[in-house]
Every structure is written in structure tokens, then in C-alpha cells.
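Before any comments, here is the structure.
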Amino acid sequence: MPNPRLTGLGSGLFCALVMFLIGGLCAVLFGASLTAYGVLFLPVCVLTAVWVRRGDLMTAPVVVPIAFAVGLLPVADGDGTGGMLMGLVTALATHAGWLYGGTLVAGLIVIVRRIRLVHRRRAAAGTRPQV
């Protein structure tokens with residue numbers, strides 16, 4: 001399994017690009033199904049949080065919601081700029097559960113990785129963690 005390490009910007013670009021492609025795929029294959037889009041959003045959140053490098057851990061929970069909104073562009077219903085904007089806002093409002101769930105998953109993975117990193121640094125320094 002690949003184990004890339006993405007910078008903060010790289011993780012944001014990866015997440016946004018993949019979600020845009022998934023949004024386009026959902027629009028073509030599933031008839032703009034927001035449920036399918038939300039289900040496919042969760043693994044992208046996990047990959048983004050796992051693949052971001054240690055120094056940029058806190059960027060993953062920030063870029064995930066932005067990528068969710070970027071990926072909704074091909075899926076959102078509406079004609080013209082105003083209709084598209086209204087469709088985007090409506091999709092964000094009605095499927096906020098997927099957005100919150102993915103952000104929570106990414107946040108939990110980042111927190112666990114950060115705790116492990118701190119414990120490794122303390123062990124390398126030869127100090128015991130305070131309880």
C-alpha cells in the first residue's frame with residue numbers, strides 16, 4: 001500500500017482534486033446522488049489524514065471541509081451562477097452530516113497521530129510522560 005507524505009498544501013490539493021473527481025463521477029454515474037458522494041467522502045478524509053506529513057498534521061481537518069465544498073460543484077443542481085450557488089448551499093445544508101462525520105474522522109486520526117508523535121519524542125529524549 002502506498003505511504004506518501006503530503007505537505008499541508010499537497011494534502012489540500014489532493015483532497016480537493018479527488019473530491020472534485022468523485023463529484024463529477026457521482027454526477028455522471030449516480031445521477032448526482034449526494035448520498036453516494038458523502039459515502040465516498042469518508043475514505044478520502046481517512047487517506048488525507050493518514051498521508052499528511054507529521055509537521056502539517058493540523059491541516060487535514062481544515063482542508064477536508066473545503067474539499068467537500070469543492071467536490072459539490074459538479075453535483076449541485078442549478079442553472080446559472082445564482083442557481084448553482086443556491087444548489088451548493090442547499091447541498092451543504094442538507095448533507096452536513098457527511099461533512100461533519102468526515103471532518104471528525106480526519107480530526108480523530110490526526111489527534112491519535114499527534115499523541116503518538118509526542119510520546120515518541122519523549123521516549124527518544126529519555127523522559128517519562130507525566131501522568
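Labels used: A, B, ... for chains in the order of the C-alpha cells, numbers from 1 for residues in each chain, and numbers from 1 for ligands as shown.
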Please tabulate, as CSV, the residues of range 73-129 of chain A that come within 6 Å of range 49-69 of chain A, each with its closest pair of atoms and the distance in Å to one decimal, counting only C-alpha atoms and ordering rows by chain, then residue number upward.
residue,atom,partner,partner_atom,distance
A:Thr103,CA,A:Pro61,CA,5.6
A:Ala106,CA,A:Ala49,CA,5.2
A:Gly107,CA,A:Pro61,CA,5.3
A:Val110,CA,A:Leu57,CA,6.0
Export N, CA and C atoms of the chosen residues as a short mmCIF file (atom, residue, chain, number, x, y, z; two decimals), in the first residue's frame?
data_model
loop_
_atom_site.label_atom_id
_atom_site.label_comp_id
_atom_site.auth_asym_id
_atom_site.auth_seq_id
_atom_site.Cartn_x
_atom_site.Cartn_y
_atom_site.Cartn_z
N THR A 103 -14.99 15.26 8.73
CA THR A 103 -14.09 16.14 9.48
C THR A 103 -13.74 15.54 10.83
N ALA A 106 -11.20 12.68 10.24
CA ALA A 106 -9.87 13.24 9.98
C ALA A 106 -9.27 13.82 11.25
N GLY A 107 -10.09 14.52 12.05
CA GLY A 107 -9.60 15.09 13.30
C GLY A 107 -9.14 14.04 14.29
N VAL A 110 -5.83 12.53 13.15
CA VAL A 110 -4.74 13.49 13.36
C VAL A 110 -4.38 13.57 14.84
#
### Task
Might you pull out every residue within 8 Å of Ile22 in chain A, with only C-alpha atoms counted and same-chain residues fewer than 2 positions away left off, and present them as a PyMOL selection string?
chain A and resi 18-20+24-26+37+40+71
Can you write just those residues out, C-alpha atoms, as a JSON list (two decimals), in the first residue's frame?
[["chain", "number", "residue", "atom", "x", "y", "z"],
["A", 18, "VAL", "CA", -10.14, 13.75, -5.58],
["A", 19, "MET", "CA", -13.42, 15.15, -4.26],
["A", 20, "PHE", "CA", -13.97, 17.13, -7.46],
["A", 24, "GLY", "CA", -18.09, 14.51, -11.34],
["A", 25, "LEU", "CA", -18.24, 10.73, -11.19],
["A", 26, "CYS", "CA", -21.33, 10.83, -8.96],
["A", 37, "TYR", "CA", -20.89, 11.47, -2.71],
["A", 40, "LEU", "CA", -17.13, 8.30, -0.90],
["A", 71, "GLY", "CA", -16.41, 18.46, -4.84]]
